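**Q** Sharing upload32.pdb here; it has PDB, C-alpha atoms and all ligand atoms.
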ATOM      1  CA  MET K 190      51.138 -25.980 -12.668
ATOM      2  CA  ASP K 191      50.225 -22.307 -12.783
ATOM      3  CA  ARG K 192      50.154 -21.281 -16.458
ATOM      4  CA  THR K 193      51.867 -17.993 -15.656
ATOM      5  CA  THR K 194      54.737 -19.703 -13.826
ATOM      6  CA  PRO K 195      55.313 -22.963 -15.720
ATOM      7  CA  LEU K 196      58.763 -23.456 -14.169
ATOM      8  CA  GLN K 197      57.611 -23.053 -10.571
ATOM      9  CA  GLY K 198      59.788 -25.152  -8.259
ATOM     10  CA  LYS K 199      62.480 -25.797 -10.872
ATOM     11  CA  ILE K 200      66.164 -25.163 -10.208
ATOM     12  CA  ALA K 201      67.987 -23.646 -13.188
ATOM     13  CA  ILE K 202      71.571 -22.715 -13.951
ATOM     14  CA  VAL K 203      72.387 -20.236 -16.702
ATOM     15  CA  THR K 204      76.094 -19.880 -17.455
ATOM     16  CA  GLY K 205      77.478 -16.508 -18.458
ATOM     17  CA  ALA K 206      74.417 -14.576 -17.390
ATOM     18  CA  SER K 207      75.749 -11.316 -15.975
ATOM     19  CA  ARG K 208      74.948  -9.495 -19.218
ATOM     20  CA  SER K 209      73.345  -9.694 -22.645
ATOM     21  CA  ILE K 210      71.591 -12.894 -23.813
ATOM     22  CA  GLY K 211      72.377 -14.909 -20.671
ATOM     23  CA  ALA K 212      70.913 -12.216 -18.427
ATOM     24  CA  ALA K 213      67.736 -12.171 -20.535
ATOM     25  CA  ILE K 214      67.460 -15.958 -20.237
ATOM     26  CA  ALA K 215      67.940 -15.777 -16.450
ATOM     27  CA  ARG K 216      65.269 -13.087 -16.082
ATOM     28  CA  ARG K 217      62.817 -15.079 -18.212
ATOM     29  CA  LEU K 218      63.329 -18.396 -16.395
ATOM     30  CA  ALA K 219      62.924 -16.584 -13.081
ATOM     31  CA  ARG K 220      59.751 -14.866 -14.325
ATOM     32  CA  ASP K 221      58.456 -18.324 -15.258
ATOM     33  CA  GLY K 222      58.967 -19.401 -11.654
ATOM     34  CA  ALA K 223      62.386 -21.095 -11.617
ATOM     35  CA  THR K 224      65.035 -20.477  -8.989
ATOM     36  CA  VAL K 225      67.962 -19.314 -11.104
ATOM     37  CA  ALA K 226      71.691 -19.590 -10.437
ATOM     38  CA  ILE K 227      73.768 -17.515 -12.820
ATOM     39  CA  THR K 228      77.482 -17.754 -13.418
ATOM     40  CA  TYR K 229      79.797 -14.981 -14.526
ATOM     41  CA  HIS K 230      83.504 -14.417 -15.003
ATOM     42  CA  ALA K 231      84.535 -10.769 -15.110
ATOM     43  CA  SER K 232      81.417  -8.772 -14.207
ATOM     44  CA  PRO K 233      80.467  -9.284 -10.535
ATOM     45  CA  ASP K 234      78.567  -5.999 -10.306
ATOM     46  CA  LYS K 235      76.480  -6.773 -13.362
ATOM     47  CA  ALA K 236      75.780 -10.295 -12.074
ATOM     48  CA  ALA K 237      74.657  -8.829  -8.742
ATOM     49  CA  ALA K 238      72.392  -6.389 -10.591
ATOM     50  CA  VAL K 239      70.731  -9.266 -12.471
ATOM     51  CA  VAL K 240      70.116 -11.059  -9.156
ATOM     52  CA  ASP K 241      68.716  -7.859  -7.591
ATOM     53  CA  GLU K 242      66.414  -7.311 -10.537
ATOM     54  CA  ILE K 243      65.079 -10.868 -10.360
ATOM     55  CA  GLU K 244      64.545 -10.619  -6.603
ATOM     56  CA  ALA K 245      62.880  -7.216  -6.913
ATOM     57  CA  ALA K 246      60.402  -8.844  -9.303
ATOM     58  CA  GLY K 247      59.630 -11.511  -6.685
ATOM     59  CA  GLY K 248      61.939 -14.235  -8.036
ATOM     60  CA  ARG K 249      64.800 -16.177  -6.510
ATOM     61  CA  ALA K 250      68.366 -15.978  -7.873
ATOM     62  CA  VAL K 251      72.010 -16.362  -6.909
ATOM     63  CA  ALA K 252      75.235 -15.471  -8.716
ATOM     64  CA  LEU K 253      78.440 -17.487  -8.694
ATOM     65  CA  GLN K 254      81.779 -16.617 -10.190
ATOM     66  CA  ALA K 255      82.991 -19.449 -12.418
ATOM     67  CA  ASP K 256      85.210 -19.020 -15.437
ATOM     68  CA  ALA K 257      83.667 -21.329 -18.037
ATOM     69  CA  GLY K 258      87.199 -22.000 -19.253
ATOM     70  CA  ASP K 259      88.265 -23.389 -15.873
ATOM     71  CA  PRO K 260      86.877 -26.935 -15.472
ATOM     72  CA  ASP K 261      87.395 -27.016 -11.697
ATOM     73  CA  ALA K 262      85.562 -23.720 -11.235
ATOM     74  CA  VAL K 263      82.679 -24.901 -13.404
ATOM     75  CA  ARG K 264      82.372 -28.229 -11.558
ATOM     76  CA  GLN K 265      82.465 -26.476  -8.216
ATOM     77  CA  ALA K 266      79.834 -23.914  -9.194
ATOM     78  CA  VAL K 267      77.413 -26.510 -10.529
ATOM     79  CA  ALA K 268      77.949 -28.807  -7.532
ATOM     80  CA  SER K 269      77.407 -25.930  -5.118
ATOM     81  CA  VAL K 270      74.050 -25.083  -6.728
ATOM     82  CA  ALA K 271      72.988 -28.719  -6.387
ATOM     83  CA  GLU K 272      74.119 -28.773  -2.767
ATOM     84  CA  ARG K 273      72.276 -25.567  -1.947
ATOM     85  CA  PHE K 274      69.003 -26.307  -3.731
ATOM     86  CA  GLY K 275      68.986 -30.112  -3.657
ATOM     87  CA  ARG K 276      69.107 -30.816  -7.403
ATOM     88  CA  ILE K 277      69.356 -29.248 -10.849
ATOM     89  CA  ASP K 278      66.450 -29.321 -13.295
ATOM     90  CA  ILE K 279      67.588 -26.998 -16.073
ATOM     91  CA  LEU K 280      71.074 -26.224 -17.378
ATOM     92  CA  VAL K 281      71.476 -23.494 -19.995
ATOM     93  CA  ASN K 282      74.981 -23.497 -21.445
ATOM     94  CA  ASN K 283      75.100 -19.903 -22.606
ATOM     95  CA  ALA K 284      78.610 -18.658 -21.657
ATOM     96  CA  GLY K 285      80.601 -18.115 -24.814
ATOM     97  CA  ILE K 286      83.302 -15.962 -26.303
ATOM     98  CA  SER K 287      84.231 -14.991 -29.816
ATOM     99  CA  VAL K 288      87.728 -15.115 -31.280
ATOM    100  CA  LEU K 289      87.865 -13.677 -34.767
ATOM    101  CA  GLY K 290      90.733 -13.780 -37.231
ATOM    102  CA  ALA K 291      91.959 -15.238 -40.491
ATOM    103  CA  PRO K 292      92.571 -18.997 -40.143
ATOM    104  CA  THR K 293      96.340 -18.432 -40.289
ATOM    105  CA  GLY K 294      96.164 -15.483 -37.922
ATOM    106  CA  ILE K 295      94.442 -16.989 -34.908
ATOM    107  CA  ALA K 296      97.008 -17.436 -32.114
ATOM    108  CA  PHE K 297      97.053 -20.973 -30.722
ATOM    109  CA  ALA K 298      96.525 -19.649 -27.199
ATOM    110  CA  ASP K 299      93.371 -17.862 -28.384
ATOM    111  CA  PHE K 300      92.176 -21.062 -30.045
ATOM    112  CA  GLN K 301      92.746 -23.004 -26.844
ATOM    113  CA  ARG K 302      90.847 -20.384 -24.871
ATOM    114  CA  ILE K 303      87.789 -20.420 -27.129
ATOM    115  CA  LEU K 304      87.765 -24.229 -27.030
ATOM    116  CA  ALA K 305      88.044 -24.141 -23.242
ATOM    117  CA  VAL K 306      85.133 -21.733 -22.773
ATOM    118  CA  ASN K 307      82.796 -22.666 -25.629
ATOM    119  CA  VAL K 308      83.338 -26.449 -25.685
ATOM    120  CA  THR K 309      85.111 -27.817 -22.612
ATOM    121  CA  GLY K 310      83.096 -25.532 -20.323
ATOM    122  CA  VAL K 311      79.865 -26.855 -21.837
ATOM    123  CA  PHE K 312      80.982 -30.477 -21.488
ATOM    124  CA  VAL K 313      82.055 -30.086 -17.881
ATOM    125  CA  ALA K 314      78.954 -28.129 -16.817
ATOM    126  CA  THR K 315      76.743 -30.741 -18.461
ATOM    127  CA  GLN K 316      78.635 -33.640 -16.900
ATOM    128  CA  GLU K 317      78.397 -32.157 -13.414
ATOM    129  CA  ALA K 318      74.766 -31.067 -13.802
ATOM    130  CA  LEU K 319      73.769 -34.582 -14.873
ATOM    131  CA  ARG K 320      75.033 -35.926 -11.568
ATOM    132  CA  HIS K 321      72.232 -33.925  -9.921
ATOM    133  CA  MET K 322      69.489 -34.107 -12.575
ATOM    134  CA  GLY K 323      66.560 -36.512 -12.730
ATOM    135  CA  ALA K 324      63.588 -37.217 -14.984
ATOM    136  CA  GLY K 325      62.166 -34.036 -16.489
ATOM    137  CA  GLY K 326      65.642 -32.501 -16.674
ATOM    138  CA  ARG K 327      66.536 -30.072 -19.433
ATOM    139  CA  ILE K 328      69.891 -29.342 -21.054
ATOM    140  CA  ILE K 329      69.854 -26.387 -23.451
ATOM    141  CA  HIS K 330      72.948 -25.244 -25.341
ATOM    142  CA  ILE K 331      73.298 -21.829 -26.936
ATOM    143  CA  GLY K 332      74.937 -22.358 -30.314
ATOM    144  CA  SER K 333      74.931 -19.965 -33.241
ATOM    145  CA  SER K 334      73.254 -19.569 -36.617
ATOM    146  CA  MET K 335      76.840 -19.479 -37.958
ATOM    147  CA  VAL K 336      76.720 -23.313 -37.944
ATOM    148  CA  ARG K 337      74.127 -23.082 -40.749
ATOM    149  CA  TYR K 338      75.331 -19.973 -42.530
ATOM    150  CA  ALA K 339      78.815 -18.613 -41.911
ATOM    151  CA  ALA K 340      77.846 -15.089 -42.829
ATOM    152  CA  PHE K 341      81.241 -13.397 -42.739
ATOM    153  CA  PRO K 342      84.957 -14.301 -42.785
ATOM    154  CA  THR K 343      87.235 -14.562 -39.708
ATOM    155  CA  ALA K 344      84.851 -16.759 -37.698
ATOM    156  CA  SER K 345      86.292 -20.239 -38.403
ATOM    157  CA  ALA K 346      87.368 -20.959 -34.818
ATOM    158  CA  TYR K 347      84.115 -19.637 -33.364
ATOM    159  CA  THR K 348      82.047 -21.664 -35.822
ATOM    160  CA  LEU K 349      84.068 -24.785 -35.005
ATOM    161  CA  THR K 350      83.153 -24.468 -31.338
ATOM    162  CA  LYS K 351      79.467 -23.897 -32.032
ATOM    163  CA  GLY K 352      79.360 -26.830 -34.454
ATOM    164  CA  ALA K 353      80.695 -29.016 -31.659
ATOM    165  CA  LEU K 354      77.553 -28.254 -29.649
ATOM    166  CA  SER K 355      75.366 -29.677 -32.415
ATOM    167  CA  GLY K 356      77.260 -32.967 -32.241
ATOM    168  CA  PHE K 357      77.217 -32.966 -28.448
ATOM    169  CA  THR K 358      73.441 -32.439 -28.494
ATOM    170  CA  ARG K 359      72.853 -35.442 -30.753
ATOM    171  CA  GLY K 360      75.125 -37.727 -28.780
ATOM    172  CA  LEU K 361      73.578 -36.794 -25.445
ATOM    173  CA  VAL K 362      70.040 -37.339 -26.699
ATOM    174  CA  ARG K 363      70.648 -41.088 -26.994
ATOM    175  CA  ASP K 364      72.194 -41.328 -23.543
ATOM    176  CA  LEU K 365      69.617 -39.218 -21.757
ATOM    177  CA  GLY K 366      66.312 -39.934 -23.507
ATOM    178  CA  PRO K 367      65.696 -43.068 -21.447
ATOM    179  CA  GLN K 368      66.218 -40.997 -18.282
ATOM    180  CA  GLY K 369      63.558 -38.475 -19.297
ATOM    181  CA  ILE K 370      66.101 -35.702 -19.843
ATOM    182  CA  THR K 371      65.909 -33.631 -23.036
ATOM    183  CA  VAL K 372      68.825 -31.947 -24.801
ATOM    184  CA  ASN K 373      68.387 -29.175 -27.352
ATOM    185  CA  THR K 374      70.365 -26.353 -28.908
ATOM    186  CA  VAL K 375      69.109 -22.853 -29.631
ATOM    187  CA  HIS K 376      71.051 -21.168 -32.424
ATOM    188  CA  PRO K 377      70.667 -17.391 -32.180
ATOM    189  CA  GLY K 378      71.107 -15.269 -35.258
ATOM    190  CA  PRO K 379      72.518 -11.752 -34.928
ATOM    191  CA  THR K 380      71.322 -10.657 -31.505
ATOM    192  CA  ASP K 381      71.889  -7.264 -29.913
ATOM    193  CA  SER K 382      74.408  -7.770 -27.105
ATOM    194  CA  ASP K 383      77.780  -6.615 -25.882
ATOM    195  CA  MET K 384      79.352  -9.247 -28.161
ATOM    196  CA  ASN K 385      77.360  -8.183 -31.211
ATOM    197  CA  PRO K 386      75.762  -4.744 -30.802
ATOM    198  CA  ALA K 387      72.963  -3.907 -33.243
ATOM    199  CA  ASP K 388      75.053  -0.853 -34.226
ATOM    200  CA  GLY K 389      78.385  -2.698 -34.121
ATOM    201  CA  PRO K 390      80.986  -3.476 -36.797
ATOM    202  CA  VAL K 391      79.218  -6.437 -38.425
ATOM    203  CA  ALA K 392      75.727  -4.918 -38.262
ATOM    204  CA  ASP K 393      75.882  -3.039 -41.566
ATOM    205  CA  PHE K 394      76.834  -6.263 -43.267
ATOM    206  CA  VAL K 395      74.465  -8.746 -41.624
ATOM    207  CA  LYS K 396      71.353  -6.634 -41.017
ATOM    208  CA  PRO K 397      70.135  -6.593 -44.651
ATOM    209  CA  GLY K 398      70.140 -10.414 -44.510
ATOM    210  CA  ILE K 399      67.811 -10.660 -41.501
ATOM    211  CA  ALA K 400      64.410 -11.353 -43.055
ATOM    212  CA  VAL K 401      62.397  -9.650 -40.306
ATOM    213  CA  GLY K 402      64.544  -6.528 -40.668
ATOM    214  CA  ARG K 403      65.893  -6.234 -37.138
ATOM    215  CA  TYR K 404      68.496  -7.678 -34.814
ATOM    216  CA  GLY K 405      67.283 -10.210 -32.281
ATOM    217  CA  GLN K 406      66.889  -9.186 -28.656
ATOM    218  CA  GLY K 407      67.863 -11.260 -25.636
ATOM    219  CA  GLN K 408      64.172 -11.845 -24.938
ATOM    220  CA  ASP K 409      63.743 -13.503 -28.344
ATOM    221  CA  ILE K 410      66.334 -16.110 -27.436
ATOM    222  CA  ALA K 411      65.033 -16.393 -23.862
ATOM    223  CA  ALA K 412      61.497 -17.157 -25.063
ATOM    224  CA  SER K 413      62.719 -20.202 -26.994
ATOM    225  CA  VAL K 414      64.824 -21.369 -24.064
ATOM    226  CA  ALA K 415      61.802 -21.020 -21.776
ATOM    227  CA  PHE K 416      59.744 -23.216 -24.101
ATOM    228  CA  LEU K 417      62.438 -25.900 -24.306
ATOM    229  CA  ALA K 418      62.771 -25.800 -20.509
ATOM    230  CA  SER K 419      59.043 -26.292 -20.006
ATOM    231  CA  GLU K 420      56.981 -29.413 -19.493
ATOM    232  CA  GLU K 421      55.335 -28.715 -22.850
ATOM    233  CA  ALA K 422      58.631 -29.497 -24.606
ATOM    234  CA  SER K 423      59.008 -32.971 -23.094
ATOM    235  CA  PHE K 424      58.862 -34.613 -26.561
ATOM    236  CA  VAL K 425      61.391 -32.171 -28.069
ATOM    237  CA  THR K 426      64.915 -33.523 -27.828
ATOM    238  CA  GLY K 427      67.819 -33.310 -30.256
ATOM    239  CA  ALA K 428      66.316 -30.202 -31.825
ATOM    240  CA  GLU K 429      68.390 -27.337 -33.125
ATOM    241  CA  LEU K 430      66.160 -24.302 -33.065
ATOM    242  CA  LEU K 431      67.233 -21.398 -35.247
ATOM    243  CA  VAL K 432      66.095 -18.164 -33.631
ATOM    244  CA  ASP K 433      67.434 -15.796 -36.224
ATOM    245  CA  GLY K 434      64.676 -13.700 -37.794
ATOM    246  CA  GLY K 435      65.098 -15.685 -40.988
ATOM    247  CA  PHE K 436      68.806 -14.882 -41.335
ATOM    248  CA  THR K 437      69.628 -18.409 -42.498
ATOM    249  CA  ALA K 438      66.409 -19.058 -44.442
TER
HETATM  250  N1  LIG A 501      74.999 -11.956 -29.819
HETATM  251  C1  LIG A 501      74.888 -12.708 -30.918
HETATM  252  O1  LIG A 501      74.646 -12.212 -32.028
HETATM  253  C2  LIG A 501      75.035 -14.205 -30.808
HETATM  254  C3  LIG A 501      74.710 -14.946 -31.948
HETATM  255  C4  LIG A 501      74.831 -16.318 -31.869
HETATM  256  C5  LIG A 501      75.237 -16.922 -30.711
HETATM  257  N2  LIG A 501      75.558 -16.171 -29.622
HETATM  258  C6  LIG A 501      75.977 -16.895 -28.410
HETATM  259  O2  LIG A 501      75.131 -16.525 -27.342
HETATM  260  C7  LIG A 501      75.858 -16.608 -26.116
HETATM  261  C8  LIG A 501      75.777 -15.270 -25.385
HETATM  262  O3  LIG A 501      76.328 -14.291 -26.264
HETATM  263  P1  LIG A 501      76.212 -12.735 -25.963
HETATM  264  O4  LIG A 501      76.106 -12.069 -27.281
HETATM  265  O5  LIG A 501      75.184 -12.482 -24.932
HETATM  266  O6  LIG A 501      77.692 -12.475 -25.375
HETATM  267  P2  LIG A 501      78.230 -11.249 -24.483
HETATM  268  O7  LIG A 501      77.454 -10.049 -24.772
HETATM  269  O8  LIG A 501      79.702 -11.209 -24.730
HETATM  270  O9  LIG A 501      77.959 -11.749 -22.984
HETATM  271  C9  LIG A 501      78.641 -12.898 -22.569
HETATM  272  C10 LIG A 501      78.206 -13.333 -21.206
HETATM  273  O10 LIG A 501      78.941 -14.525 -20.910
HETATM  274  C11 LIG A 501      79.780 -14.291 -19.780
HETATM  275  N3  LIG A 501      81.084 -14.910 -20.003
HETATM  276  C12 LIG A 501      81.998 -14.621 -20.948
HETATM  277  N4  LIG A 501      83.090 -15.385 -20.777
HETATM  278  C13 LIG A 501      82.848 -16.160 -19.704
HETATM  279  C14 LIG A 501      83.591 -17.132 -19.011
HETATM  280  N5  LIG A 501      84.828 -17.481 -19.404
HETATM  281  N6  LIG A 501      83.048 -17.732 -17.937
HETATM  282  C15 LIG A 501      81.810 -17.391 -17.505
HETATM  283  N7  LIG A 501      81.060 -16.459 -18.108
HETATM  284  C16 LIG A 501      81.571 -15.855 -19.197
HETATM  285  C17 LIG A 501      79.890 -12.807 -19.624
HETATM  286  O11 LIG A 501      80.091 -12.528 -18.255
HETATM  287  P3  LIG A 501      81.346 -11.720 -17.648
HETATM  288  O12 LIG A 501      81.258 -10.316 -18.129
HETATM  289  O13 LIG A 501      81.153 -11.844 -16.178
HETATM  290  O14 LIG A 501      82.574 -12.406 -18.136
HETATM  291  C18 LIG A 501      78.517 -12.342 -20.127
HETATM  292  O15 LIG A 501      77.560 -12.444 -19.108
HETATM  293  C19 LIG A 501      77.284 -17.013 -26.487
HETATM  294  O16 LIG A 501      77.442 -18.404 -26.361
HETATM  295  C20 LIG A 501      77.377 -16.594 -27.941
HETATM  296  O17 LIG A 501      78.353 -17.326 -28.643
HETATM  297  C21 LIG A 501      75.461 -14.819 -29.647
END
Write the structure described by the file as C-alpha cells, please.

**A**
Amino acid sequence: MDRTTPLQGKIAIVTGASRSIGAAIARRLARDGATVAITYHASPDKAAAVVDEIEAAGGRAVALQADAGDPDAVRQAVASVAERFGRIDILVNNAGISVLGAPTGIAFADFQRILAVNVTGVFVATQEALRHMGAGGRIIHIGSSMVRYAAFPTASAYTLTKGALSGFTRGLVRDLGPQGITVNTVHPGPTDSDMNPADGPVADFVKPGIAVGRYGQGQDIAASVAFLASEEASFVTGAELLVDGGFTA
C-alpha cells in the first residue's frame, strides 16, 4: 500500500455526492486512490463537475442518477457499479434531506419522503452493496450530531431518521463482523453546505455552541470517512464518530 493512496484499488460508492459534504467525501476517497461512483438526484451538471474534477486530478469517477428515495433506482445504481467494476469495497450512505417543522405541522407526505430518502434509501443501498462486498468491506453512514444534542426545535422528523442509522449500525455490526466488513456512522455537527450554510438561518443560533468557533467544512467530514474506509480502521466497527467541533461536548 502506498501511504499517499491508502485506498488504491478500492471501489467506492458515495450517495448524494453532487454537492456539499458528499462531494467532499468523493474527492477525498478519490485522492486516496479509490475509484468513486457518486449518485445524485437533481443536479446532473454538478455531479458531472465533481467527476471532471476528480479525473482532472488523476482519479477515476463516475456519476449515476439515483433518487435515494426510490428503492428500485438505488438497487439498480449500486448493482450497476458492481457490474462495471467487479465489486464494491466502500459504501458511504451520505444522501439525506431535511424536513423541518413543528411535530404537528409536518405533512405526512413530507414525513414519508424523509423516511424514504434518509432511512429506506440507506437500507436498500446497504443491502444491495453487501451482495457485492467481501472481506475488508466498509459501510459508513452519515448521521447527524442532532442524535446526541437536538440543538433547535422543528427537527423531530429529521432527528428520527438519523437516530435510525445508529440502530442500523449496531445491528449490522453483529451480522457483518464475521465477514470482515465494518460498519460505522459519522455524525457531522453544523457543516457548511447547501443544506446548512455557515451564514444561513440557523448559524447565528448554533455557531456560539461550536467549541472550536467555526462551522465544519466538507473536508472535515471527509477526513473521518477516509480513516474509517482505510485498512487502519479494520478494528473499528459499531463506532459513532462525532465530527462536530465540540458542538455536543
Ligand atoms: N450540513 C450539515 O450541517 C449536516 C449536519 C449533520 C448531518 N448532515 C448530513 O450530511 C449529509 C449531507 O448533507 P449536506 O449538508 O451536504 O446536504 P446538501 O447540501 O443538501 O447536499 C445533499 C446532497 O445529497 C444529494 N441528494 C439529496 N437528495 C437526494 C436524493 N433523493 N437522492 C440522491 N441524492 C440526493 C444532493 O444531490 P442533488 O442535488 O443531485 O439532489 C446533494 O449532492 C446528509 O445526510 C445530512 O443529513 C449534514

**Q** Restricting the calculation to all atoms listed in the file: of K:Thr371, K:Gln265, K:Asn307, K:Thr380, which residue gets closest to ligand LIG 501 (chain A)?

**A**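 Smallest distance to ligand LIG 501 (chain A) is found for K:Thr380.
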
**Q** Please identify all protein, DNA and RNA residues within 6 Å of ligand LIG 501 (chain A), counting all atoms listed in the file, and report them as a ChimeraX atom specification.

**A** /K:205-211,228-232,255-258,283-286,306,331-334,377-385

**Q** Just the selected residues (C-alpha atoms), exported as a PDB file, keeping the file's coordinate frame, please.

**A**
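What landed in result34.pdb:
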ATOM      1  CA  GLY K 205      77.478 -16.508 -18.458  1.00  0.00           C
ATOM      2  CA  ALA K 206      74.417 -14.576 -17.390  1.00  0.00           C
ATOM      3  CA  SER K 207      75.749 -11.316 -15.975  1.00  0.00           C
ATOM      4  CA  ARG K 208      74.948  -9.495 -19.218  1.00  0.00           C
ATOM      5  CA  SER K 209      73.345  -9.694 -22.645  1.00  0.00           C
ATOM      6  CA  ILE K 210      71.591 -12.894 -23.813  1.00  0.00           C
ATOM      7  CA  GLY K 211      72.377 -14.909 -20.671  1.00  0.00           C
ATOM      8  CA  THR K 228      77.482 -17.754 -13.418  1.00  0.00           C
ATOM      9  CA  TYR K 229      79.797 -14.981 -14.526  1.00  0.00           C
ATOM     10  CA  HIS K 230      83.504 -14.417 -15.003  1.00  0.00           C
ATOM     11  CA  ALA K 231      84.535 -10.769 -15.110  1.00  0.00           C
ATOM     12  CA  SER K 232      81.417  -8.772 -14.207  1.00  0.00           C
ATOM     13  CA  ALA K 255      82.991 -19.449 -12.418  1.00  0.00           C
ATOM     14  CA  ASP K 256      85.210 -19.020 -15.437  1.00  0.00           C
ATOM     15  CA  ALA K 257      83.667 -21.329 -18.037  1.00  0.00           C
ATOM     16  CA  GLY K 258      87.199 -22.000 -19.253  1.00  0.00           C
ATOM     17  CA  ASN K 283      75.100 -19.903 -22.606  1.00  0.00           C
ATOM     18  CA  ALA K 284      78.610 -18.658 -21.657  1.00  0.00           C
ATOM     19  CA  GLY K 285      80.601 -18.115 -24.814  1.00  0.00           C
ATOM     20  CA  ILE K 286      83.302 -15.962 -26.303  1.00  0.00           C
ATOM     21  CA  VAL K 306      85.133 -21.733 -22.773  1.00  0.00           C
ATOM     22  CA  ILE K 331      73.298 -21.829 -26.936  1.00  0.00           C
ATOM     23  CA  GLY K 332      74.937 -22.358 -30.314  1.00  0.00           C
ATOM     24  CA  SER K 333      74.931 -19.965 -33.241  1.00  0.00           C
ATOM     25  CA  SER K 334      73.254 -19.569 -36.617  1.00  0.00           C
ATOM     26  CA  PRO K 377      70.667 -17.391 -32.180  1.00  0.00           C
ATOM     27  CA  GLY K 378      71.107 -15.269 -35.258  1.00  0.00           C
ATOM     28  CA  PRO K 379      72.518 -11.752 -34.928  1.00  0.00           C
ATOM     29  CA  THR K 380      71.322 -10.657 -31.505  1.00  0.00           C
ATOM     30  CA  ASP K 381      71.889  -7.264 -29.913  1.00  0.00           C
ATOM     31  CA  SER K 382      74.408  -7.770 -27.105  1.00  0.00           C
ATOM     32  CA  ASP K 383      77.780  -6.615 -25.882  1.00  0.00           C
ATOM     33  CA  MET K 384      79.352  -9.247 -28.161  1.00  0.00           C
ATOM     34  CA  ASN K 385      77.360  -8.183 -31.211  1.00  0.00           C
TER      35      ASN K 385
END

**Q** Kindly provide the residues of segment 284-359 of chain K that approach segment 425-434 of chain K to within 10 Å, each paired with its closest atom pair and their distance in Å to one decimal, based on only C-alpha atoms, listed by chain and increasing number, as CSV.

**A**
residue,atom,partner,partner_atom,distance
K:Arg327,CA,K:Thr426,CA,9.2
K:Ile328,CA,K:Thr426,CA,9.4
K:Ile329,CA,K:Thr426,CA,9.7
K:His330,CA,K:Glu429,CA,9.3
K:Ile331,CA,K:Glu429,CA,9.6
K:Gly332,CA,K:Glu429,CA,8.7
K:Ser333,CA,K:Leu431,CA,8.1
K:Ser334,CA,K:Leu431,CA,6.4
K:Arg337,CA,K:Leu431,CA,9.0
K:Leu354,CA,K:Glu429,CA,9.8
K:Ser355,CA,K:Glu429,CA,7.4
K:Gly356,CA,K:Gly427,CA,9.7
K:Phe357,CA,K:Gly427,CA,9.6
K:Thr358,CA,K:Gly427,CA,6.0
K:Arg359,CA,K:Gly427,CA,5.5

**Q** Show me, as an MDAnalysis selection string, the residues that have an atom within 10 Å of Phe341 of chain K when counting only C-alpha atoms, minus same-chain residues fewer than 5 positions from it.

**A** chainID K and resid 335 391 394:395

**Q** Put the listed atoms of segment 341-360 of chain K in a box along x, y and z with 4 Å added on every side and give me the centre and edge lengths in Å to one decimal, as lines of an AutoDock Vina configuration file.

**A**
center_x = 80.1
center_y = -25.6
center_z = -35.6
size_x = 22.5
size_y = 32.3
size_z = 22.3

**Q** Please measure the separation of atom CA of Asp221 of chain K and atom CA of Gly366 of chain K, giving the value in Å to one decimal.

**A**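 Result for atom CA of Asp221 of chain K versus atom CA of Gly366 of chain K: 24.4 Å, one decimal.
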
**Q** By how many Å are atom CA of Leu304 of chain K and atom CA of Val288 of chain K apart?

**A**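 Taking atom CA of Leu304 of chain K and atom CA of Val288 of chain K, their separation equals 10.1 Å.
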
**Q** With distances taken over only C-alpha atoms, which of K:Gly360, K:Pro397, K:Arg320, K:Gly198 is nearest to Glu272 of chain K?

**A**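 Among the listed residues, K:Arg320 lies closest to Glu272 of chain K.
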
**Q** What is the atom CA of Ala237 of chain K-atom CA of Ala252 of chain K distance in Å, reported with one decimal?

**A**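 Computing the Euclidean distance for atom CA of Ala237 of chain K and atom CA of Ala252 of chain K yields 6.7 Å.
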
**Q** At a cut-off of 10 Å, using only C-alpha atoms, what residues contact Thr315 of chain K? Leave out same-chain residues fewer than 6 positions from it and give the result as a PDB file with C-alpha atoms, keeping the file's coordinate frame.

**A**
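Everything below was put into out-v9.pdb:
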ATOM      1  CA  VAL K 263      82.679 -24.901 -13.404  1.00  0.00           C
ATOM      2  CA  ARG K 264      82.372 -28.229 -11.558  1.00  0.00           C
ATOM      3  CA  VAL K 267      77.413 -26.510 -10.529  1.00  0.00           C
ATOM      4  CA  LEU K 280      71.074 -26.224 -17.378  1.00  0.00           C
ATOM      5  CA  VAL K 281      71.476 -23.494 -19.995  1.00  0.00           C
ATOM      6  CA  ASN K 282      74.981 -23.497 -21.445  1.00  0.00           C
ATOM      7  CA  THR K 309      85.111 -27.817 -22.612  1.00  0.00           C
ATOM      8  CA  MET K 322      69.489 -34.107 -12.575  1.00  0.00           C
ATOM      9  CA  ILE K 328      69.891 -29.342 -21.054  1.00  0.00           C
ATOM     10  CA  ILE K 329      69.854 -26.387 -23.451  1.00  0.00           C
ATOM     11  CA  HIS K 330      72.948 -25.244 -25.341  1.00  0.00           C
ATOM     12  CA  LEU K 361      73.578 -36.794 -25.445  1.00  0.00           C
TER      13      LEU K 361
END

**Q** Hey, what's within 6 Å of segment 239-251 of chain K if we count only C-alpha atoms and toss same-chain stuff fewer than 3 positions away? As a PyMOL selection string, please?

**A** chain K and resi 219+224-226+236

**Q** Within 9 Å of Leu218 of chain K, counting only C-alpha atoms, which residues qualify if same-chain residues fewer than 3 places away don't, as a ChimeraX atom specification?

**A** /K:196,201,213-215,221-225,411-412,414-415,418

**Q** Between K:Gly326, K:Leu253, K:Ala238, K:Asp261, single out the one closest to Ala305 of chain K, counting only C-alpha atoms.

**A**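 For Ala305 of chain K, the nearest of the given residues is K:Asp261.
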